[in-house]
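Heads up, work-v3.txt below (compact mmCIF, C-alpha atoms):
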# COMPACT_ATOMS: atom_id res chain seq x y z
CA MET A 173 -23.50 -12.22 18.57
CA SER A 174 -19.99 -12.48 17.16
CA ASN A 175 -16.90 -14.54 17.89
CA ILE A 176 -14.05 -12.02 18.14
CA SER A 177 -10.28 -12.37 18.29
CA ILE A 178 -8.36 -9.25 19.31
CA ILE A 179 -4.67 -9.16 18.46
CA GLY A 180 -2.99 -6.64 20.77
CA LEU A 181 -2.81 -5.79 24.45
CA GLY A 182 -3.04 -1.99 24.51
CA ASN A 183 -5.74 0.46 25.54
CA MET A 184 -7.86 -0.01 22.39
CA ALA A 185 -7.67 -3.79 22.73
CA GLY A 186 -8.92 -3.53 26.31
CA ALA A 187 -11.70 -1.07 25.49
CA LEU A 188 -12.97 -3.10 22.53
CA ALA A 189 -12.80 -6.37 24.46
CA ASP A 190 -14.68 -4.92 27.42
CA ARG A 191 -17.52 -3.54 25.29
CA ALA A 192 -17.61 -6.71 23.19
CA LEU A 193 -18.02 -8.89 26.27
CA ALA A 194 -20.72 -6.58 27.64
CA GLY A 195 -22.51 -6.95 24.29
CA GLY A 196 -22.60 -10.73 24.58
CA ASN A 197 -19.79 -11.51 22.15
CA ALA A 198 -17.19 -14.25 22.63
CA VAL A 199 -13.74 -12.63 22.93
CA GLU A 200 -10.26 -14.09 22.51
CA ILE A 201 -7.22 -12.02 23.52
CA ILE A 202 -3.98 -12.63 21.63
CA GLY A 203 -0.62 -11.02 22.38
CA ARG A 204 3.07 -11.76 22.05
CA ASP A 205 3.43 -11.55 25.84
CA PRO A 206 1.40 -14.49 27.22
CA ALA A 207 1.54 -13.18 30.78
CA LYS A 208 0.13 -9.79 29.78
CA ALA A 209 -2.54 -11.45 27.65
CA LYS A 210 -3.64 -13.56 30.62
CA GLU A 211 -3.58 -10.48 32.85
CA LEU A 212 -5.81 -8.52 30.48
CA ALA A 213 -8.22 -11.43 30.04
CA ALA A 214 -8.45 -11.88 33.81
CA ALA A 215 -9.10 -8.17 34.33
CA LEU A 216 -11.88 -8.24 31.76
CA GLY A 217 -13.53 -11.42 32.97
CA GLY A 218 -15.03 -13.77 30.41
CA ALA A 219 -12.35 -13.49 27.72
CA THR A 220 -10.23 -16.42 26.63
CA VAL A 221 -6.52 -16.25 25.83
CA GLY A 222 -5.14 -17.36 22.47
CA THR A 223 -1.54 -17.88 21.47
CA ALA A 224 0.35 -15.76 18.97
CA ASP A 225 1.42 -18.80 16.92
CA ALA A 226 -2.05 -20.38 16.60
CA ALA A 227 -4.92 -19.52 14.28
CA PRO A 228 -7.31 -16.94 15.79
CA ALA A 229 -10.55 -18.54 16.94
CA GLY A 230 -12.74 -15.57 16.00
CA ASP A 231 -14.59 -15.10 12.74
CA ILE A 232 -13.80 -11.41 13.16
CA VAL A 233 -10.16 -10.55 13.89
CA ILE A 234 -9.37 -7.07 15.20
CA LEU A 235 -5.85 -5.76 14.59
CA ALA A 236 -5.33 -3.66 17.72
CA VAL A 237 -1.62 -3.18 17.05
CA PRO A 238 0.41 -0.20 15.78
CA TYR A 239 0.25 0.27 12.02
CA GLY A 240 3.96 -0.41 11.70
CA SER A 241 3.48 -4.03 12.69
CA ALA A 242 -0.05 -4.67 11.38
CA ALA A 243 0.84 -5.92 7.88
CA ALA A 244 3.60 -8.09 9.32
CA VAL A 245 1.15 -9.66 11.78
CA VAL A 246 -1.27 -10.43 8.97
CA SER A 247 1.52 -11.93 6.86
CA GLU A 248 2.66 -14.12 9.75
CA TYR A 249 -0.82 -15.58 10.21
CA GLY A 250 -1.17 -16.11 6.47
CA ASP A 251 -3.81 -18.66 5.51
CA ALA A 252 -5.00 -18.86 9.13
CA LEU A 253 -6.90 -15.63 8.32
CA ARG A 254 -8.53 -17.01 5.19
CA ASP A 255 -12.30 -16.30 5.10
CA LYS A 256 -12.10 -14.10 8.21
CA VAL A 257 -13.14 -10.48 8.55
CA ILE A 258 -10.12 -8.40 9.55
CA ILE A 259 -10.85 -5.07 11.25
CA ASP A 260 -8.08 -2.50 10.86
CA ILE A 261 -8.20 0.18 13.57
CA THR A 262 -4.82 1.76 12.85
CA ASN A 263 -3.88 5.34 12.06
CA PRO A 264 -0.71 5.23 9.92
CA VAL A 265 0.42 8.77 10.71
CA SER A 266 3.99 9.98 10.40
CA PRO A 267 6.03 10.64 13.56
CA ASP A 268 5.58 14.41 13.17
CA PHE A 269 1.76 14.00 12.85
CA GLN A 270 1.83 15.94 9.58
CA GLY A 271 1.03 13.15 7.15
CA PHE A 272 1.09 9.41 6.58
CA VAL A 273 3.67 6.65 6.26
CA THR A 274 1.63 4.82 3.63
CA PRO A 275 2.34 5.08 -0.13
CA ASP A 276 0.73 7.98 -1.97
CA GLY A 277 -2.81 7.15 -3.04
CA SER A 278 -3.12 4.24 -0.62
CA SER A 279 -4.22 3.77 2.98
CA GLY A 280 -3.19 1.66 5.92
CA ALA A 281 -6.21 -0.57 5.42
CA GLN A 282 -5.42 -1.11 1.75
CA GLU A 283 -1.81 -2.02 2.56
CA ILE A 284 -3.04 -4.49 5.18
CA ALA A 285 -5.45 -5.94 2.61
CA LYS A 286 -2.52 -6.53 0.24
CA ALA A 287 -0.84 -8.64 2.95
CA SER A 288 -4.03 -10.60 3.69
CA PRO A 289 -4.75 -14.07 2.28
CA ALA A 290 -7.34 -14.71 -0.40
CA GLY A 291 -10.84 -14.85 1.05
CA ALA A 292 -10.10 -12.50 3.94
CA HIS A 293 -11.99 -9.19 3.98
CA VAL A 294 -10.48 -6.06 5.53
CA VAL A 295 -12.82 -3.48 7.04
CA LYS A 296 -11.60 -0.16 8.42
CA ALA A 297 -13.27 0.77 11.71
CA PHE A 298 -12.75 2.36 15.13
CA ASN A 299 -9.75 4.49 14.13
CA THR A 300 -11.64 7.72 14.88
CA LEU A 301 -12.45 6.81 18.49
CA PHE A 302 -10.06 7.37 21.38
CA SER A 303 -9.84 4.33 23.66
CA HIS A 304 -11.19 6.02 26.80
CA VAL A 305 -14.09 7.56 24.84
CA LEU A 306 -14.92 4.14 23.40
CA ALA A 307 -14.72 2.60 26.87
CA ALA A 308 -17.12 5.19 28.30
CA GLY A 309 -19.76 4.58 25.62
CA PRO A 310 -22.66 6.94 24.83
CA ALA A 311 -21.89 10.60 25.51
CA GLN A 312 -24.44 13.23 26.54
CA GLY A 313 -27.32 11.00 25.51
CA ARG A 314 -26.09 10.10 22.03
CA LEU A 315 -24.43 7.00 20.63
CA LEU A 316 -20.85 7.18 19.43
CA ASP A 317 -20.47 6.86 15.67
CA ALA A 318 -18.15 4.13 14.36
CA PHE A 319 -17.29 4.77 10.72
CA ILE A 320 -16.53 1.77 8.51
CA ALA A 321 -15.13 1.24 5.01
CA GLY A 322 -14.71 -1.99 3.09
CA ASP A 323 -15.18 -3.70 -0.25
CA ASP A 324 -17.27 -6.69 0.82
CA ALA A 325 -20.91 -5.96 1.70
CA GLN A 326 -21.35 -9.08 3.82
CA ALA A 327 -18.20 -8.34 5.81
CA LYS A 328 -19.39 -4.79 6.46
CA ALA A 329 -22.79 -6.10 7.55
CA ARG A 330 -21.11 -8.40 10.07
CA VAL A 331 -18.93 -5.57 11.38
CA SER A 332 -21.99 -3.29 11.60
CA ALA A 333 -23.83 -5.89 13.68
CA PHE A 334 -20.79 -6.20 15.94
CA ILE A 335 -20.60 -2.41 16.31
CA GLU A 336 -24.27 -2.29 17.29
CA SER A 337 -23.64 -4.94 19.95
CA LEU A 338 -21.10 -2.54 21.48
CA GLY A 339 -23.78 0.13 21.84
CA LEU A 340 -22.35 2.21 18.99
CA ARG A 341 -23.84 3.45 15.70
CA PRO A 342 -22.21 2.04 12.55
CA MET A 343 -21.80 4.53 9.71
CA ASP A 344 -20.80 3.02 6.35
CA ILE A 345 -18.77 5.45 4.22
CA GLY A 346 -18.12 3.20 1.22
CA GLN A 347 -15.38 1.07 -0.31
CA LEU A 348 -12.03 0.27 1.31
CA ALA A 349 -10.40 3.09 -0.68
CA MET A 350 -12.37 5.44 1.59
CA ALA A 351 -10.27 4.22 4.50
CA ARG A 352 -7.84 6.98 3.58
CA ALA A 353 -10.59 9.48 4.38
CA LEU A 354 -11.03 7.90 7.81
CA GLU A 355 -7.29 8.01 8.38
CA ASN A 356 -7.40 11.71 7.53
CA VAL A 357 -10.10 12.09 10.19
CA GLY A 358 -7.73 10.44 12.64
CA LEU A 359 -5.04 12.95 11.64
CA LEU A 360 -7.56 15.78 11.98
CA GLN A 361 -8.31 14.68 15.53
CA LEU A 362 -4.62 14.77 16.41
CA GLY A 363 -4.52 18.31 15.02
CA LEU A 364 -7.46 19.27 17.21
CA VAL A 365 -5.68 17.84 20.25
CA ALA A 366 -2.51 19.77 19.45
CA HIS A 367 -4.00 23.12 18.43
CA SER A 368 -7.60 23.55 19.51
CA VAL A 369 -9.34 21.14 21.87
CA LYS A 370 -6.13 20.43 23.83
CA HIS A 371 -7.37 17.07 25.15
CA THR A 372 -8.75 13.76 23.85
CA ASN A 373 -12.10 13.73 25.64
CA PHE A 374 -14.17 14.18 22.48
CA PHE A 375 -15.45 12.33 19.43
CA LEU A 376 -16.49 13.25 15.90
CA GLY A 377 -19.90 12.11 14.75
CA VAL A 378 -22.80 12.81 12.44
CA SER A 379 -25.84 14.84 13.43
CA ILE A 380 -28.68 14.06 11.01
CA LEU A 381 -30.92 17.12 10.75
CA SER A 382 -33.82 15.66 8.77

Using structure tokens, write down the structure that the file contains.
Amino acid sequence: MSNISIIGLGNMAGALADRALAGGNAVEIIGRDPAKAKELAAALGGATVGTADAAPAGDIVILAVPYGSAAAVVSEYGDALRDKVIIDITNPVSPDFQGFVTPDGSSGAQEIAKASPAGAHVVKAFNTLFSHVLAAGPAQGRLLDAFIAGDDAQAKARVSAFIESLGLRPMDIGQLAMARALENVGLLQLGLVAHSVKHTNFFLGVSILS
């Protein structure tokens, strides 16, 4: 099992931490509000609490923060993230939900990778799963698909093993440049919520026919 540090205290942080603990992983919760971090860890049971100014204990560090602050968080940690696997779960969509705030031709994950220290490996994952759907787990008898993209094969293998420990199915879609495709899926889901499905109680996955 994996040693995980989750930076963030929101719904996705809680859902990932809960499933990670249930899967036998060691989980550290890190947030800028120590009281809220302790509250979340206590509610989960079994998680430890880190401090925002100390190096994350986990070999895998999950950025469960808004995209707007993700690169800054990585820059602040600097060399403390060297040789770690950094999971980017963000969706860098514009305020009007019509596009992205990232530079043309890039992705949120690639921008985060630029801010990461040498030796760290960014993997895009979990951005296509709503927090309550992730928390609920398998739906109608099928595993949820967790799509991943990254440049380092070993890092993706470690993330895939972690995803499997959560009771999810990892689906590798290629290099980190493909993170933009996953971020487009996140935008597509917001479009479905606004214009078609009208709620967030769904997930997108792959049905293999043969």

In Å, rounded to a single decimal, give me how far atom CA of A:Ala243 is from atom CA of A:Ile284. 4.9 Å

List every residue of stretch 245-304 of chain A that has an atom at most 10 Å from any atom of stretch 370-374 of chain A, and for each one report the closest atom pair and its distance in Å to one decimal, counting only C-alpha atoms, with rows sorted by chain and then by increasing residue number, as JSON lines.
{"residue": "A:Leu301", "atom": "CA", "partner": "A:Phe374", "partner_atom": "CA", "distance": 8.6}
{"residue": "A:Phe302", "atom": "CA", "partner": "A:Thr372", "partner_atom": "CA", "distance": 7.0}
{"residue": "A:Ser303", "atom": "CA", "partner": "A:Thr372", "partner_atom": "CA", "distance": 9.5}
{"residue": "A:His304", "atom": "CA", "partner": "A:Asn373", "partner_atom": "CA", "distance": 7.8}

Stretch 353-369 of chain A surroundings by all atoms listed in the file, 12 Å radius, close-in-sequence under 3 positions cut, as a PyMOL selection string: chain A and resi 239+260-274+277-282+295-302+318-322+343-350+372-377

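Comparing A:Ala229, A:Ala325, A:Ala285, A:Leu193 by their smallest distance to A:Leu216, the closest is A:Leu193 (using all atoms listed in the file).
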
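Residues in contact range of stretch 335-342 of chain A, defined as at most 7 Å between all atoms listed in the file, with sequence neighbours fewer than 4 positions away removed, read A:Arg191, A:Ala192, A:Gly195, A:Leu315, A:Leu316, A:Asp317, A:Ala318, A:Phe319, A:Ile320, A:Val331.
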
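The shortest atom-to-atom distance to A:Val245, with all atoms listed in the file taken into account, belongs to A:Gly180 out of A:Phe334, A:Gly180, A:Ile232, A:Gly218.
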
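Picture a line from atom CA of A:Val221 to atom CA of A:Leu253; it runs 17.5 Å.
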
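The gap separating atom CA of A:Ile234 from atom CA of A:Val199 is 10.5 Å, in Å to one decimal.
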
For A:Ala227, list every protein, DNA or RNA residue within 9 Å, evaluated using all atoms listed in the file, and leave out those in the same chain fewer than 2 positions away; present the list as a count of residues only. 10

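Those residues that approach A:Ala189 to within 9 Å, counting all atoms listed in the file, are Ile176, Ser177, Ile178, Asn197, Val199, Glu200, Ile201, Ala213, Leu216 and Ala219 of chain A; same-chain residues fewer than 6 positions away are not listed.
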
Centre and edge lengths of an axis-aligned box around all listed atoms of stretch 293-312 of chain A, with 6 Å added on each side, are to be given in Å to one decimal, as lines of an AutoDock Vina configuration file.
center_x = -17.1
center_y = 2.0
center_z = 16.1
size_x = 26.7
size_y = 34.4
size_z = 36.3

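Closest approach to A:Pro275 among A:Ser379, A:Gly313, A:Thr220, A:Arg352: A:Arg352, based on only C-alpha atoms.
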
Counting all atoms listed in the file, the residue of A:Gly250, A:Gly309, A:Pro228, A:Gly203 that sits nearest A:Ser288: A:Gly250

Can you fill out stretch 356-370 of chain A with N, CA and C atoms and hand it back as an mmCIF file, keeping the file's coordinate frame?
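File result_33.cif, as written:
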data_model
loop_
_atom_site.group_PDB
_atom_site.id
_atom_site.type_symbol
_atom_site.label_atom_id
_atom_site.label_comp_id
_atom_site.auth_asym_id
_atom_site.auth_seq_id
_atom_site.Cartn_x
_atom_site.Cartn_y
_atom_site.Cartn_z
ATOM 1 N N ASN A 356 -7.518 10.256 7.463
ATOM 2 C CA ASN A 356 -7.400 11.710 7.530
ATOM 3 C C ASN A 356 -8.194 12.278 8.698
ATOM 4 N N VAL A 357 -9.340 11.663 9.006
ATOM 5 C CA VAL A 357 -10.100 12.090 10.190
ATOM 6 C C VAL A 357 -9.280 11.843 11.451
ATOM 7 N N GLY A 358 -8.598 10.702 11.505
ATOM 8 C CA GLY A 358 -7.730 10.440 12.640
ATOM 9 C C GLY A 358 -6.646 11.491 12.771
ATOM 10 N N LEU A 359 -6.062 11.904 11.632
ATOM 11 C CA LEU A 359 -5.040 12.950 11.640
ATOM 12 C C LEU A 359 -5.649 14.285 12.058
ATOM 13 N N LEU A 360 -6.853 14.564 11.587
ATOM 14 C CA LEU A 360 -7.560 15.780 11.980
ATOM 15 C C LEU A 360 -7.751 15.843 13.493
ATOM 16 N N GLN A 361 -8.107 14.714 14.082
ATOM 17 C CA GLN A 361 -8.310 14.680 15.530
ATOM 18 C C GLN A 361 -7.014 14.993 16.275
ATOM 19 N N LEU A 362 -5.898 14.468 15.778
ATOM 20 C CA LEU A 362 -4.620 14.770 16.410
ATOM 21 C C LEU A 362 -4.304 16.264 16.295
ATOM 22 N N GLY A 363 -4.692 16.867 15.164
ATOM 23 C CA GLY A 363 -4.520 18.310 15.020
ATOM 24 C C GLY A 363 -5.368 19.094 15.996
ATOM 25 N N LEU A 364 -6.594 18.624 16.221
ATOM 26 C CA LEU A 364 -7.460 19.270 17.210
ATOM 27 C C LEU A 364 -6.857 19.185 18.608
ATOM 28 N N VAL A 365 -6.303 18.024 18.932
ATOM 29 C CA VAL A 365 -5.680 17.840 20.250
ATOM 30 C C VAL A 365 -4.507 18.801 20.417
ATOM 31 N N ALA A 366 -3.715 18.952 19.369
ATOM 32 C CA ALA A 366 -2.510 19.770 19.450
ATOM 33 C C ALA A 366 -2.805 21.269 19.431
ATOM 34 N N HIS A 367 -3.841 21.685 18.690
ATOM 35 C CA HIS A 367 -4.000 23.120 18.430
ATOM 36 C C HIS A 367 -5.300 23.750 18.915
ATOM 37 N N SER A 368 -6.303 22.959 19.227
ATOM 38 C CA SER A 368 -7.600 23.550 19.510
ATOM 39 C C SER A 368 -8.236 22.996 20.771
ATOM 40 N N VAL A 369 -8.621 21.734 20.735
ATOM 41 C CA VAL A 369 -9.340 21.140 21.870
ATOM 42 C C VAL A 369 -8.429 20.949 23.068
ATOM 43 N N LYS A 370 -7.179 20.576 22.799
ATOM 44 C CA LYS A 370 -6.130 20.430 23.830
ATOM 45 C C LYS A 370 -6.303 19.222 24.728
#
